[in-house]
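**Student:** Input structure: data-v4.tsv, which contains TSV, C-alpha atoms and all ligand atoms.
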chain	number	residue	atom	x	y	z
A	280	MET	CA	-21.96	-58.82	-30.37
A	281	PRO	CA	-20.08	-61.68	-32.05
A	282	TYR	CA	-20.32	-65.03	-30.26
A	283	THR	CA	-19.45	-68.62	-30.98
A	284	GLU	CA	-20.97	-71.53	-29.05
A	285	LEU	CA	-19.56	-74.41	-27.08
A	286	GLY	CA	-21.92	-76.98	-25.54
A	287	GLY	CA	-24.83	-74.52	-25.98
A	288	GLN	CA	-23.00	-71.73	-24.14
A	289	LYS	CA	-21.78	-68.47	-25.64
A	290	ILE	CA	-18.19	-67.49	-26.15
A	291	TYR	CA	-17.57	-63.85	-27.05
A	292	TYR	CA	-14.89	-62.55	-29.38
A	293	ASN	CA	-13.81	-59.12	-30.56
A	294	ILE	CA	-13.00	-58.99	-34.26
A	295	LYS	CA	-11.45	-56.62	-36.79
A	296	LYS	CA	-12.45	-58.13	-40.10
A	297	ALA	CA	-10.40	-58.62	-43.26
A	298	GLU	CA	-11.58	-59.44	-46.80
A	299	ASN	CA	-10.31	-63.02	-46.62
A	300	ASN	CA	-10.46	-65.97	-44.22
A	301	LYS	CA	-6.94	-65.69	-42.81
A	302	ALA	CA	-6.89	-65.00	-39.08
A	303	ILE	CA	-4.77	-64.31	-36.06
A	304	ILE	CA	-6.55	-65.46	-32.89
A	305	PHE	CA	-5.37	-63.87	-29.63
A	306	ILE	CA	-5.78	-65.82	-26.39
A	307	HIS	CA	-5.45	-64.00	-23.07
A	308	GLY	CA	-3.88	-65.27	-19.86
A	309	SER	CA	-5.11	-66.09	-16.34
A	310	ALA	CA	-7.61	-63.68	-14.79
A	311	SER	CA	-7.73	-61.57	-17.95
A	312	ASP	CA	-9.96	-61.12	-21.01
A	313	SER	CA	-9.90	-60.11	-24.67
A	314	SER	CA	-9.43	-56.42	-23.81
A	315	CYS	CA	-5.75	-57.03	-23.03
A	316	TRP	CA	-5.32	-57.25	-26.84
A	317	ASN	CA	-7.17	-54.00	-27.66
A	318	LYS	CA	-4.00	-52.41	-29.06
A	319	GLN	CA	-3.27	-55.48	-31.21
A	320	LEU	CA	-6.60	-55.10	-33.04
A	321	SER	CA	-5.00	-52.14	-34.80
A	322	LEU	CA	-2.24	-54.27	-36.36
A	323	VAL	CA	-1.77	-53.35	-40.03
A	324	LEU	CA	-2.09	-56.80	-41.58
A	325	ASP	CA	-4.34	-58.47	-44.12
A	326	TYR	CA	-5.74	-60.89	-41.53
A	327	ASN	CA	-8.91	-61.09	-39.48
A	328	LEU	CA	-7.78	-60.06	-36.00
A	329	ILE	CA	-9.77	-61.91	-33.34
A	330	ALA	CA	-9.46	-61.69	-29.56
A	331	LEU	CA	-11.41	-64.31	-27.65
A	332	ASP	CA	-12.90	-64.13	-24.14
A	333	LEU	CA	-12.18	-67.60	-22.75
A	334	PRO	CA	-15.14	-69.43	-21.12
A	335	SER	CA	-16.13	-67.70	-17.82
A	336	HIS	CA	-14.07	-64.60	-18.73
A	337	GLY	CA	-15.11	-61.18	-20.03
A	338	LYS	CA	-18.43	-61.32	-21.90
A	339	SER	CA	-18.44	-65.12	-22.33
A	340	ASP	CA	-20.89	-67.31	-20.44
A	341	LYS	CA	-19.96	-68.90	-17.11
A	342	PHE	CA	-18.99	-72.57	-17.44
A	343	ALA	CA	-19.30	-75.05	-14.57
A	344	THR	CA	-15.78	-76.46	-14.92
A	345	LEU	CA	-12.75	-74.87	-16.50
A	346	SER	CA	-9.93	-76.88	-18.10
A	347	LEU	CA	-7.18	-76.61	-20.69
A	348	GLU	CA	-9.24	-78.85	-22.99
A	349	LEU	CA	-12.30	-76.60	-22.67
A	350	TYR	CA	-10.22	-73.53	-23.53
A	351	ARG	CA	-8.65	-75.35	-26.48
A	352	GLU	CA	-12.05	-76.42	-27.79
A	353	ALA	CA	-13.29	-72.83	-27.58
A	354	ILE	CA	-10.71	-72.00	-30.25
A	355	LYS	CA	-11.81	-74.98	-32.38
A	356	SER	CA	-15.41	-73.86	-32.12
A	357	LEU	CA	-14.49	-70.33	-33.20
A	358	MET	CA	-12.48	-71.67	-36.13
A	359	LYS	CA	-15.40	-73.78	-37.33
A	360	SER	CA	-18.02	-71.07	-36.90
A	361	LEU	CA	-15.96	-68.60	-38.98
A	362	SER	CA	-14.93	-71.29	-41.53
A	363	LEU	CA	-11.26	-70.49	-41.02
A	364	GLU	CA	-8.82	-72.87	-42.70
A	365	LYS	CA	-5.48	-71.89	-41.23
A	366	ILE	CA	-4.86	-69.72	-38.19
A	367	ILE	CA	-2.01	-67.96	-36.49
A	368	LEU	CA	-2.42	-68.47	-32.77
A	369	CYS	CA	-1.07	-65.87	-30.35
A	370	GLY	CA	-1.22	-66.80	-26.66
A	371	HIS	CA	-0.16	-64.89	-23.57
A	372	SER	CA	0.84	-66.75	-20.36
A	373	LEU	CA	-1.97	-69.31	-19.78
A	374	GLY	CA	-2.98	-68.43	-23.36
A	375	GLY	CA	0.43	-69.73	-24.46
A	376	ALA	CA	-0.28	-73.07	-22.80
A	377	ILE	CA	-3.65	-73.14	-24.59
A	378	VAL	CA	-2.21	-72.43	-28.05
A	379	ILE	CA	0.54	-75.03	-27.55
A	380	SER	CA	-2.10	-77.55	-26.49
A	381	TYR	CA	-4.15	-76.60	-29.57
A	382	TYR	CA	-1.13	-77.08	-31.84
A	383	LEU	CA	-0.40	-80.51	-30.32
A	384	GLU	CA	-4.02	-81.57	-30.92
A	385	TYR	CA	-4.70	-79.91	-34.30
A	386	PRO	CA	-1.32	-79.18	-35.94
A	387	GLU	CA	-2.88	-79.04	-39.42
A	388	ASP	CA	-4.92	-75.92	-38.45
A	389	VAL	CA	-1.95	-73.83	-37.42
A	390	GLU	CA	0.11	-71.65	-39.76
A	391	ALA	CA	2.30	-70.14	-37.03
A	392	LEU	CA	2.48	-69.58	-33.28
A	393	ILE	CA	3.15	-66.42	-31.32
A	394	LEU	CA	4.14	-67.17	-27.72
A	395	VAL	CA	3.98	-64.13	-25.45
A	396	GLY	CA	5.22	-64.09	-21.83
A	397	THR	CA	4.68	-67.80	-21.46
A	398	GLY	CA	6.51	-71.09	-20.96
A	399	ALA	CA	6.59	-74.79	-21.74
A	400	LYS	CA	5.97	-75.33	-18.03
A	401	LEU	CA	4.12	-72.82	-15.86
A	402	ARG	CA	4.51	-73.65	-12.17
A	403	VAL	CA	2.69	-71.13	-10.00
A	404	HIS	CA	4.01	-69.72	-6.73
A	405	PRO	CA	2.03	-71.10	-3.71
A	406	LEU	CA	1.46	-67.54	-2.42
A	407	ILE	CA	-0.72	-66.81	-5.46
A	408	PHE	CA	-3.03	-69.70	-4.55
A	409	GLU	CA	-3.00	-68.76	-0.88
A	410	ASN	CA	-4.01	-65.17	-1.63
A	411	LEU	CA	-6.71	-66.25	-4.08
A	412	LYS	CA	-8.15	-68.51	-1.42
A	413	ASN	CA	-7.82	-66.33	1.67
A	414	ASN	CA	-7.03	-62.76	0.74
A	415	PHE	CA	-8.27	-61.63	-2.68
A	416	GLN	CA	-7.42	-58.00	-1.94
A	417	GLU	CA	-3.80	-58.98	-1.35
A	418	PHE	CA	-3.83	-60.84	-4.69
A	419	LEU	CA	-5.10	-57.67	-6.38
A	420	ASN	CA	-2.46	-55.58	-4.59
A	421	SER	CA	0.29	-57.88	-5.86
A	422	ILE	CA	-0.63	-57.42	-9.52
A	423	SER	CA	0.99	-54.02	-10.10
A	424	VAL	CA	4.40	-55.21	-8.87
A	425	GLY	CA	4.14	-58.81	-10.11
A	426	ALA	CA	2.68	-58.39	-13.58
A	427	PHE	CA	3.83	-54.93	-14.74
A	428	TYR	CA	7.14	-53.14	-15.23
A	429	ARG	CA	7.56	-50.54	-12.50
A	430	LYS	CA	7.34	-47.53	-14.86
A	431	THR	CA	4.13	-48.64	-16.61
A	432	ASP	CA	1.38	-46.01	-16.86
A	433	LYS	CA	-0.62	-46.24	-13.62
A	434	GLU	CA	-3.91	-45.86	-15.50
A	435	ILE	CA	-3.24	-49.04	-17.55
A	436	ILE	CA	-2.49	-50.97	-14.35
A	437	LYS	CA	-5.55	-49.59	-12.54
A	438	ARG	CA	-7.93	-50.52	-15.38
A	439	TYR	CA	-6.48	-54.02	-15.50
A	440	ILE	CA	-6.80	-54.54	-11.73
A	441	ASP	CA	-10.39	-53.21	-11.76
A	442	ASP	CA	-11.27	-55.89	-14.34
A	443	VAL	CA	-9.66	-58.66	-12.28
A	444	ALA	CA	-11.55	-57.42	-9.20
A	445	LYS	CA	-14.84	-57.78	-11.12
A	446	LEU	CA	-13.94	-61.36	-12.08
A	447	GLY	CA	-13.49	-62.43	-8.42
A	448	PRO	CA	-11.11	-65.13	-7.11
A	449	GLU	CA	-12.63	-68.43	-8.36
A	450	VAL	CA	-11.89	-68.11	-12.08
A	451	PRO	CA	-8.29	-66.94	-11.53
A	452	TYR	CA	-7.81	-69.86	-9.12
A	453	ALA	CA	-8.96	-72.29	-11.82
A	454	ASP	CA	-6.73	-70.57	-14.42
A	455	PHE	CA	-3.63	-70.73	-12.24
A	456	SER	CA	-4.37	-74.40	-11.41
A	457	ILE	CA	-4.37	-75.13	-15.15
A	458	CYS	CA	-1.03	-73.31	-15.50
A	459	ASP	CA	0.45	-75.16	-12.53
A	460	ALA	CA	-0.41	-78.53	-14.13
A	461	PHE	CA	0.89	-77.54	-17.58
A	462	ASP	CA	4.20	-79.18	-18.47
A	463	GLU	CA	5.28	-79.74	-22.08
A	464	LEU	CA	9.01	-79.23	-21.44
A	465	ASP	CA	9.86	-82.70	-22.75
A	466	ALA	CA	7.67	-82.46	-25.85
A	467	ILE	CA	9.18	-79.07	-26.74
A	468	LYS	CA	12.70	-80.42	-26.10
A	469	GLN	CA	11.96	-83.20	-28.57
A	470	GLY	CA	11.30	-80.57	-31.24
A	471	ILE	CA	7.55	-81.14	-31.53
A	472	ILE	CA	6.81	-77.56	-32.71
A	473	LYS	CA	7.58	-77.35	-36.43
A	474	VAL	CA	5.67	-74.23	-37.50
A	475	PRO	CA	7.29	-70.77	-37.56
A	476	THR	CA	7.12	-69.45	-34.00
A	477	LEU	CA	7.55	-65.90	-32.77
A	478	ILE	CA	8.50	-65.61	-29.09
A	479	ILE	CA	8.03	-62.30	-27.25
A	480	CYS	CA	8.78	-61.57	-23.61
A	481	GLY	CA	9.24	-58.50	-21.40
A	482	GLU	CA	12.78	-58.25	-20.07
A	483	ALA	CA	11.44	-57.60	-16.54
A	484	ASP	CA	8.80	-60.37	-16.61
A	485	LYS	CA	8.64	-61.86	-13.09
A	486	LEU	CA	5.85	-64.38	-13.70
A	487	THR	CA	7.31	-66.04	-16.78
A	488	PRO	CA	10.99	-65.05	-16.76
A	489	THR	CA	12.95	-64.66	-20.00
A	490	LYS	CA	14.57	-68.06	-19.28
A	491	TYR	CA	11.25	-69.66	-20.32
A	492	SER	CA	11.26	-67.82	-23.65
A	493	LYS	CA	14.91	-68.66	-24.30
A	494	PHE	CA	14.06	-72.31	-23.71
A	495	PHE	CA	11.44	-72.12	-26.48
A	496	HIS	CA	13.92	-70.45	-28.81
A	497	GLU	CA	16.58	-73.11	-28.18
A	498	ASN	CA	14.15	-75.95	-28.83
A	499	ILE	CA	11.93	-74.68	-31.67
A	500	SER	CA	14.03	-74.75	-34.82
A	501	ASN	CA	12.01	-72.19	-36.82
A	502	SER	CA	11.69	-69.61	-34.05
A	503	TYR	CA	12.43	-65.91	-33.51
A	504	LEU	CA	13.02	-64.47	-30.05
A	505	ASN	CA	12.30	-60.86	-29.07
A	506	ILE	CA	12.89	-59.60	-25.55
A	507	ILE	CA	11.37	-56.17	-25.03
A	508	LYS	CA	13.16	-53.79	-22.67
A	509	ASN	CA	11.35	-51.92	-19.88
A	510	ALA	CA	8.39	-54.31	-19.98
A	511	GLY	CA	7.04	-56.94	-17.62
A	512	HIS	CA	4.55	-59.79	-17.97
A	513	MET	CA	1.81	-57.68	-19.64
A	514	VAL	CA	4.18	-56.73	-22.45
A	515	MET	CA	1.50	-56.35	-25.17
A	516	MET	CA	-0.27	-53.70	-23.04
A	517	GLU	CA	2.92	-52.10	-21.75
A	518	LYS	CA	4.77	-51.68	-25.08
A	519	PRO	CA	2.08	-51.99	-27.77
A	520	ASN	CA	3.92	-50.13	-30.56
A	521	GLU	CA	7.10	-52.16	-30.27
A	522	PHE	CA	5.09	-55.34	-29.78
A	523	ASN	CA	2.93	-54.73	-32.87
A	524	GLN	CA	5.94	-53.88	-35.02
A	525	ILE	CA	7.53	-57.22	-34.10
A	526	ILE	CA	4.37	-59.11	-35.10
A	527	GLU	CA	4.00	-57.18	-38.37
A	528	ASP	CA	7.67	-57.83	-39.28
A	529	PHE	CA	7.33	-61.53	-38.45
A	530	ILE	CA	4.23	-61.99	-40.58
A	531	LYS	CA	5.44	-59.90	-43.52
A	532	ASN	CA	9.01	-61.20	-43.62
A	533	LYS	CA	8.93	-64.74	-42.24
A	534	LEU	CA	5.55	-66.09	-43.35
A	535	ASN	CA	4.78	-64.59	-46.75
B	1	LIG	N1	11.11	-73.13	-19.32
B	1	LIG	C1	12.37	-73.46	-19.01
B	1	LIG	N2	12.76	-73.87	-17.79
B	1	LIG	C2	11.82	-73.96	-16.84
B	1	LIG	C3	10.47	-73.65	-17.08
B	1	LIG	C4	10.14	-73.22	-18.39
B	1	LIG	N3	8.90	-72.90	-18.72
B	1	LIG	N4	9.76	-73.84	-15.96
B	1	LIG	C5	10.61	-74.25	-15.03
B	1	LIG	N5	11.86	-74.33	-15.56
B	1	LIG	C6	13.08	-74.73	-14.86
B	1	LIG	C7	13.38	-73.79	-13.69
B	1	LIG	O1	14.11	-72.66	-14.11
B	1	LIG	C8	14.17	-74.69	-12.78
B	1	LIG	O2	15.49	-74.80	-13.26
B	1	LIG	P1	16.74	-74.89	-12.23
B	1	LIG	O3	16.48	-76.09	-11.41
B	1	LIG	O4	17.90	-74.98	-13.15
B	1	LIG	O5	16.69	-73.62	-11.45
B	1	LIG	C9	13.46	-76.03	-12.96
B	1	LIG	O6	12.85	-75.98	-14.25
B	1	LIG	C10	12.39	-76.30	-11.93
B	1	LIG	O7	11.54	-75.17	-11.86
B	1	LIG	P2	10.01	-75.22	-11.35
B	1	LIG	O8	9.36	-76.39	-11.96
B	1	LIG	O9	9.40	-73.89	-11.60
B	1	LIG	O10	10.08	-75.56	-9.79
B	1	LIG	P3	10.70	-74.74	-8.59
B	1	LIG	O11	10.37	-75.54	-7.37
B	1	LIG	O12	12.14	-74.42	-8.84
B	1	LIG	O13	9.93	-73.33	-8.53
B	1	LIG	C11	8.09	-71.80	-8.35
B	1	LIG	C12	8.52	-73.27	-8.32
B	1	LIG	C13	6.59	-71.74	-8.32
B	1	LIG	C14	8.68	-71.07	-7.15
B	1	LIG	C15	8.64	-71.15	-9.66
B	1	LIG	O14	8.16	-71.89	-10.75
B	1	LIG	C16	8.29	-69.71	-9.84
B	1	LIG	O15	8.86	-68.83	-9.21
B	1	LIG	N6	7.39	-69.43	-10.80
B	1	LIG	C17	7.16	-68.09	-11.30
B	1	LIG	C18	6.10	-67.34	-10.55
B	1	LIG	C19	4.71	-67.73	-10.94
B	1	LIG	O16	3.93	-68.09	-10.09
B	1	LIG	N7	4.34	-67.60	-12.22
B	1	LIG	C20	3.01	-67.86	-12.67
B	1	LIG	C21	3.06	-68.54	-13.99
B	1	LIG	S1	1.45	-68.58	-14.75
Just give me the structure of the file as structure tokens.
**Tutor:**
Amino acid sequence: MPYTELGGQKIYYNIKKAENNKAIIFIHGSASDSSCWNKQLSLVLDYNLIALDLPSHGKSDKFATLSLELYREAIKSLMKSLSLEKIILCGHSLGGAIVISYYLEYPEDVEALILVGTGAKLRVHPLIFENLKNNFQEFLNSISVGAFYRKTDKEIIKRYIDDVAKLGPEVPYADFSICDAFDELDAIKQGIIKVPTLIICGEADKLTPTKYSKFFHENISNSYLNIIKNAGHMVMMEKPNEFNQIIEDFIKNKLN
């Protein structure tokens, strides 16, 4: 299985290889793992398609302390180990905060950003923390209504919740704490993001409402906004065909 290392610990990634060193790196959100991008690994593009398991998630090793900086450095480590020169970074929710943080630290590495169901600030509802602390089952129960559009295939939701249940409450608690502390509203307002940026959001997203995506679009000059109907927060799993078409169009028509 492909791994990169950070501080002597293993970080897993899933890869669909291309015959060049161009890459799109997909970063999942809180309480998730690389499998949320399974449908995106079939994108028809001449890029290496790489979905990372963040530290302590999926098949990656457990790390003692989780932070935005650690997650950001996991991407840097992957980039170095695969000798990638320029990357497109696609982040969902917490993953969006991570890719923005990466861009602010290493702008020269980034060809373009794809911001999916995310925001420049990601305050978390206190009930989420309360349930993670005192009632994990209630947290799990809230996922189907909170994270998915009501008509989403029940099997997709069930598989997702089963994976979160395996992860347990501590890692999600750390992830949501990182989201809650994330605030780059001012930096984004000042026009700090200069690379082409694709913004995608489900119309029925309750966790990162479309207002957050519209804010990106208004403040990133070279940006393209797509709001997908009948989709919630997990838009890339809920509407994979539409989602993939938007990414393929963006890369073929706006980058090349
Ligand atoms: N982009 C644009 N505007 C944003 C924003 C973003 N990413 N994040 C917050 N804002 C705006 C809000 O819309 C609000 O504007 P208003 O005063 O005009 O209504 C203002 O900034 C303050 O919002 P916020 O910082 O979120 O504080 P709050 O006390 O109003 O609400 C919560 C706090 C937790 C109730 C709210 O953020 C929420 O419902 N969050 C979504 C649910 C959640 O937990 N999501 C998880 C994200 S990982």
**Student:** So how far away is CA of Phe522 in chain A from CA of Arg438 in chain A, in Å?
**Tutor:** 20.0 Å
**Student:** Using all atoms listed in the file, determine which residues lie at most 10 Å from Glu298 in chain A, disregarding the query and same-chain residues fewer than 6 positions distant; provide the list as a ChimeraX atom specification.
**Tutor:** /A:325-327
**Student:** Would you output that residue set with C-alpha atoms, as an mmCIF file, in the coordinates of the input?
**Tutor:**
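The new file selection_19.cif reads:
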data_model
loop_
_atom_site.group_PDB
_atom_site.id
_atom_site.type_symbol
_atom_site.label_atom_id
_atom_site.label_comp_id
_atom_site.auth_asym_id
_atom_site.auth_seq_id
_atom_site.Cartn_x
_atom_site.Cartn_y
_atom_site.Cartn_z
ATOM 1 C CA ASP A 325 -4.340 -58.470 -44.120
ATOM 2 C CA TYR A 326 -5.740 -60.890 -41.530
ATOM 3 C CA ASN A 327 -8.910 -61.090 -39.480
#
**Student:** Let me have all residues with an atom within 10 Å of ligand LIG 1 (chain B), counting all atoms listed in the file, laid out as a VMD selection string.
**Tutor:** chain A and resid 308 to 309 371 to 376 396 to 408 425 to 426 454 to 459 461 to 464 467 to 468 484 to 495 512
**Student:** Considering only C-alpha atoms, can you say which of A:Leu383, A:Ile478, A:Ile366, A:Ala330 comes closest to His496 in chain A?
**Tutor:** A:Ile478
**Student:** Rounded to one decimal, what separation in Å do you get between CA of Phe305 in chain A and CA of Ser500 in chain A?
**Tutor:**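 According to the coordinates, CA of Phe305 in chain A and CA of Ser500 in chain A are separated by 22.8 Å.
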**Student:** How far is it from CA of Ile290 in chain A to CA of Asp340 in chain A, in Å with one decimal?
**Tutor:**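 Separation between CA of Ile290 in chain A and CA of Asp340 in chain A: 6.3 Å.
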